[in-house]
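Okay, so here's the structure we're looking at.
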Amino acid sequence: MPLALLALAVVAFGIGTTEFATMGLLPQIADGLDVSVPHAGNLVSAYALGVVVGAPLLTGIGARIPHKRLLLILSAVFFVGNAASALAPNFGLLFAARVLAGLPHGALFGVGAVVASRLVAPDRAARAVSTMFLGLTVANIVGVPAGTALGQQLGWRYAYAAVAAIGVLAFVALALLIPHQPRGTHSGVMHELRAMKNKQVMIGLATAVVGFGGYFAVYSYLVPMLTHLTGISDSSTTLVLALFGVGMTLGTLIAGPLTDRALRPTLYGGFALLAAALVALHFTIEHLVPALVVITVIGALSALITTPVQMLLMTKAHEAPTMAAASNHSAFNLANAGGAWLGGLVIAAGWGWSSPTLVGAALAVIGLGLAVTGGYLDRDSRVSKVVTTSAPAPAGQRSSPAAPAQDQASPCRQGGTGGG
């Protein structure tokens with residue numbers, strides 16, 4: 001794997017740290033700005049709002065900008081947003097700074113995924129993308145706990161300042177390690193939007209919103225589940241969340257090779273196993289060791305699904321994959337909001353702290369149904385490359401003229417049904 005993937009992993013590490021560290025610092029932020037903790041919780045929504053809006057907006061604005069330059073611009077916005085968060089004198093400006101910090105999130109992942117896939121031979125594209133995503137999973141193990149601890153000991157502003165420093169490191173790494181990748185003559189926002197009209201892209205985004213909603217329905221309430229049902233102390237929940245991050249890392253490591261080998265079967269199997277694991281958690285949450293095992297498995301399965309969903313969208317928008325790849329992260333944040341809302345509904349209805357696991361399992365099954373529907377509708381489509389660039393990759397960027405990666409879900413192949 002090219003060293004340039006390390007730069008993309010650093011970007012993903014910074015994004016993962018800033019996205020989740022706020023959740024662990026809400027009491028400190030509330031005290032520092034003289035607001036209630038629930039009011040401070042709106043900062044999490046502010047970041048998610050930035051992601052949902054920024055992914056298609058910034059990708060569209062940068063549709064004609066060469067990928068390396070666009071990555072540098074987006075990482076600069078990431079730095080400014082986090083630096084502004086560290087310096088914000090009041091809640092209103094901190095809210096605006098969190099929206100700004102979230103704006104480049106989806107575009108960075110979307111552009112980064114396309115760049116990563118073009119650094120290697122086509123039959124290793126998913127492995128390259130999953131290598132970038134490793135930065136996000138490592139952030140859950142190291143970055144988020146470290147940022148939370150730093151904020152608790154020195155003040156929440158130091159946590160955001162540390163993330164801003166990671167942004168500087170990411171900018172330097174991108175500048176030094178990412179090769180130039182020119183845009184094609186047909187690139188532009190309308191070209192990207194036309195690719196988004198592909199029905200397979202729309203089904204893929206719906207799959208991400210609903211299917212990952214099942215994961216977030218449980219993850220959003222995992223800490224109170226652990227304290228109320230498993231009997232784990234508040235101070236120990238951070239270690240359990242780190243264990244969850246270990247599972248995510250393992251899932252990411254196996255997702256790339258599996259997706260390169262058989263994209264749709266990996267997606268189907270991931271959703272089916274996720275639904276089963278969520279049901280298993282419902283019955284094991286009151287028993288410490290089984291619960292920890294299942295939680296680790298859920299973390300692995302959530303990460304296992306991420307890469308095939310990303311690659312599926314890039315495949316189906318194959319002539320203009322950047323917008324689809326970025327919009328996937330808007331879909332994740334919609335899944336976050338929707339899953340948390342549905343999980344909260346069943347808890348508020350008096351169904352118990354473990355009830356979100358069954359809601360999550362149901363959403364995972366619906367996500368599986370959408371994925372299978374997409375595969376069925378795609379059954380007569382022609383073979384297509386995982387990413388067909390709109391401009392030839394620079395000389396030396398591909399290690400070999402390997403055959404295009406194919407969808408091995410069935411005798412059907414992946415193809416461009418309406419995307420090009």
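Just remember, in the structure tokens the first chain shown is A, the second B, etc., residues are 1-based per chain, and ligands are 1-based in the order shown.
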Mind checking which residues fall within 10 Å of region 169-179 of chain A, counting only C-alpha atoms, ignoring those fewer than 2 positions away in the same chain, and posting them as a PyMOL selection string? chain A and resi 2-14+67-69+71-76+78-79+115-116+119+163-167+181-182+394+397
Compile the contact shell of region 100-102 of chain A as a VMD selection string: residues with an atom at most 9 Å away, counting only C-alpha atoms, same-chain residues fewer than 4 positions apart removed. chain A and resid 15 18 to 19 46 to 54 77 to 85 95 to 96 106
Serialized selection, N, CA, C and O atoms, as a JSON list (two decimals), in the first residue's frame:
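Generated output (result23.json):
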[["chain", "number", "residue", "atom", "x", "y", "z"],
["A", 15, "ILE", "N", -10.67, 13.56, 12.08],
["A", 15, "ILE", "CA", -12.12, 13.67, 11.95],
["A", 15, "ILE", "C", -12.82, 12.83, 13.01],
["A", 15, "ILE", "O", -13.76, 13.30, 13.68],
["A", 18, "THR", "N", -12.47, 14.57, 16.56],
["A", 18, "THR", "CA", -13.29, 15.76, 16.80],
["A", 18, "THR", "C", -14.77, 15.45, 16.79],
["A", 18, "THR", "O", -15.56, 16.10, 17.48],
["A", 19, "GLU", "N", -15.18, 14.43, 16.02],
["A", 19, "GLU", "CA", -16.61, 14.11, 15.93],
["A", 19, "GLU", "C", -17.15, 13.58, 17.25],
["A", 19, "GLU", "O", -18.26, 13.94, 17.67],
["A", 46, "ALA", "N", -24.84, 20.23, 16.04],
["A", 46, "ALA", "CA", -24.23, 21.26, 15.19],
["A", 46, "ALA", "C", -23.20, 20.64, 14.25],
["A", 46, "ALA", "O", -23.16, 20.96, 13.06],
["A", 47, "TYR", "N", -22.37, 19.77, 14.80],
["A", 47, "TYR", "CA", -21.35, 19.11, 13.97],
["A", 47, "TYR", "C", -22.03, 18.25, 12.91],
["A", 47, "TYR", "O", -21.64, 18.27, 11.73],
["A", 48, "ALA", "N", -23.05, 17.48, 13.31],
["A", 48, "ALA", "CA", -23.76, 16.62, 12.35],
["A", 48, "ALA", "C", -24.41, 17.45, 11.25],
["A", 48, "ALA", "O", -24.41, 17.06, 10.08],
["A", 49, "LEU", "N", -24.96, 18.62, 11.62],
["A", 49, "LEU", "CA", -25.54, 19.51, 10.62],
["A", 49, "LEU", "C", -24.49, 19.94, 9.61],
["A", 49, "LEU", "O", -24.75, 19.96, 8.39],
["A", 50, "GLY", "N", -23.31, 20.27, 10.10],
["A", 50, "GLY", "CA", -22.22, 20.65, 9.20],
["A", 50, "GLY", "C", -21.87, 19.53, 8.24],
["A", 50, "GLY", "O", -21.64, 19.77, 7.04],
["A", 51, "VAL", "N", -21.86, 18.29, 8.72],
["A", 51, "VAL", "CA", -21.53, 17.15, 7.86],
["A", 51, "VAL", "C", -22.59, 16.96, 6.78],
["A", 51, "VAL", "O", -22.27, 16.81, 5.59],
["A", 52, "VAL", "N", -23.86, 16.97, 7.18],
["A", 52, "VAL", "CA", -24.95, 16.72, 6.23],
["A", 52, "VAL", "C", -24.97, 17.78, 5.14],
["A", 52, "VAL", "O", -25.15, 17.47, 3.95],
["A", 53, "VAL", "N", -24.77, 19.03, 5.52],
["A", 53, "VAL", "CA", -24.80, 20.13, 4.54],
["A", 53, "VAL", "C", -23.50, 20.19, 3.75],
["A", 53, "VAL", "O", -23.51, 20.38, 2.53],
["A", 54, "GLY", "N", -22.39, 20.02, 4.44],
["A", 54, "GLY", "CA", -21.09, 20.24, 3.82],
["A", 54, "GLY", "C", -20.69, 19.19, 2.81],
["A", 54, "GLY", "O", -20.00, 19.52, 1.83],
["A", 77, "VAL", "N", -9.93, 24.09, 6.20],
["A", 77, "VAL", "CA", -11.22, 24.41, 6.82],
["A", 77, "VAL", "C", -11.39, 23.62, 8.12],
["A", 77, "VAL", "O", -11.89, 24.14, 9.13],
["A", 78, "PHE", "N", -10.97, 22.36, 8.11],
["A", 78, "PHE", "CA", -11.02, 21.52, 9.30],
["A", 78, "PHE", "C", -10.22, 22.16, 10.44],
["A", 78, "PHE", "O", -10.68, 22.23, 11.59],
["A", 79, "PHE", "N", -9.01, 22.64, 10.12],
["A", 79, "PHE", "CA", -8.17, 23.30, 11.13],
["A", 79, "PHE", "C", -8.85, 24.55, 11.68],
["A", 79, "PHE", "O", -8.92, 24.77, 12.89],
["A", 80, "VAL", "N", -9.36, 25.38, 10.78],
["A", 80, "VAL", "CA", -9.98, 26.64, 11.21],
["A", 80, "VAL", "C", -11.18, 26.37, 12.11],
["A", 80, "VAL", "O", -11.37, 27.02, 13.14],
["A", 81, "GLY", "N", -12.01, 25.37, 11.74],
["A", 81, "GLY", "CA", -13.19, 25.06, 12.53],
["A", 81, "GLY", "C", -12.85, 24.61, 13.94],
["A", 81, "GLY", "O", -13.50, 25.02, 14.92],
["A", 82, "ASN", "N", -11.82, 23.79, 14.07],
["A", 82, "ASN", "CA", -11.43, 23.31, 15.40],
["A", 82, "ASN", "C", -10.68, 24.36, 16.20],
["A", 82, "ASN", "O", -10.83, 24.44, 17.42],
["A", 83, "ALA", "N", -9.87, 25.17, 15.52],
["A", 83, "ALA", "CA", -9.20, 26.27, 16.22],
["A", 83, "ALA", "C", -10.22, 27.28, 16.73],
["A", 83, "ALA", "O", -10.12, 27.79, 17.86],
["A", 84, "ALA", "N", -11.23, 27.57, 15.91],
["A", 84, "ALA", "CA", -12.30, 28.48, 16.33],
["A", 84, "ALA", "C", -13.08, 27.89, 17.50],
["A", 84, "ALA", "O", -13.52, 28.63, 18.39],
["A", 85, "SER", "N", -13.25, 26.57, 17.51],
["A", 85, "SER", "CA", -13.93, 25.92, 18.64],
["A", 85, "SER", "C", -13.14, 26.12, 19.92],
["A", 85, "SER", "O", -13.72, 26.35, 20.99],
["A", 95, "PHE", "N", -21.15, 27.02, 18.82],
["A", 95, "PHE", "CA", -22.09, 26.29, 17.95],
["A", 95, "PHE", "C", -21.72, 26.51, 16.49],
["A", 95, "PHE", "O", -21.65, 25.56, 15.70],
["A", 96, "ALA", "N", -21.49, 27.77, 16.11],
["A", 96, "ALA", "CA", -21.11, 28.08, 14.72],
["A", 96, "ALA", "C", -19.79, 27.42, 14.35],
["A", 96, "ALA", "O", -19.62, 26.92, 13.23],
["A", 106, "GLY", "N", -17.55, 15.16, 5.40],
["A", 106, "GLY", "CA", -17.96, 14.25, 4.35],
["A", 106, "GLY", "C", -17.14, 14.40, 3.09],
["A", 106, "GLY", "O", -16.79, 13.41, 2.43]]
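Excluding Leu241 (chain A) and any residue on its chain fewer than 2 positions from it, the residues at most 10 Å away by only C-alpha atoms are Asn140, Ile141, Val144, Pro145, Tyr219, Leu222, Val223, Ser236, Thr237, Thr238, Leu239, Leu243, Phe244, Gly245, Val246, Gly247, Leu292, Ile295, Thr296 and Gly299 of chain A.
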Step one, run DSSP on the backbone; step two, keep only residues of region 168-338 of chain A assigned to helix (DSSP H, G or I); then write them as number ranges by chain. A: 168-177, 189-196, 199-219, 222-230, 234-261, 263-284, 288-316, 321-338
What is the CA of Val99 (chain A) to CA of Thr307 (chain A) distance in Å? 25.9 Å
Show which residues sit within 10 Å of Pro290 (chain A), as a short mmCIF file (atom, residue, chain, number, x, y, z; two decimals) with N, CA and C atoms, in the first residue's frame. Count only C-alpha atoms, and ignore same-chain residues fewer than 6 positions away.
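Here's the written file result_8.cif:
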data_model
loop_
_atom_site.label_atom_id
_atom_site.label_comp_id
_atom_site.auth_asym_id
_atom_site.auth_seq_id
_atom_site.Cartn_x
_atom_site.Cartn_y
_atom_site.Cartn_z
N ALA A 280 -28.63 -10.65 19.96
CA ALA A 280 -27.85 -11.33 21.00
C ALA A 280 -27.53 -10.39 22.15
N LEU A 281 -27.25 -9.12 21.84
CA LEU A 281 -26.96 -8.16 22.90
C LEU A 281 -28.18 -7.95 23.81
N PHE A 283 -30.16 -10.11 24.85
CA PHE A 283 -30.26 -11.21 25.81
C PHE A 283 -29.01 -11.36 26.68
N THR A 284 -27.92 -10.66 26.33
CA THR A 284 -26.68 -10.82 27.09
C THR A 284 -26.27 -9.56 27.84
N THR A 296 -18.04 -6.08 21.24
CA THR A 296 -16.86 -6.07 20.35
C THR A 296 -17.23 -6.54 18.96
#
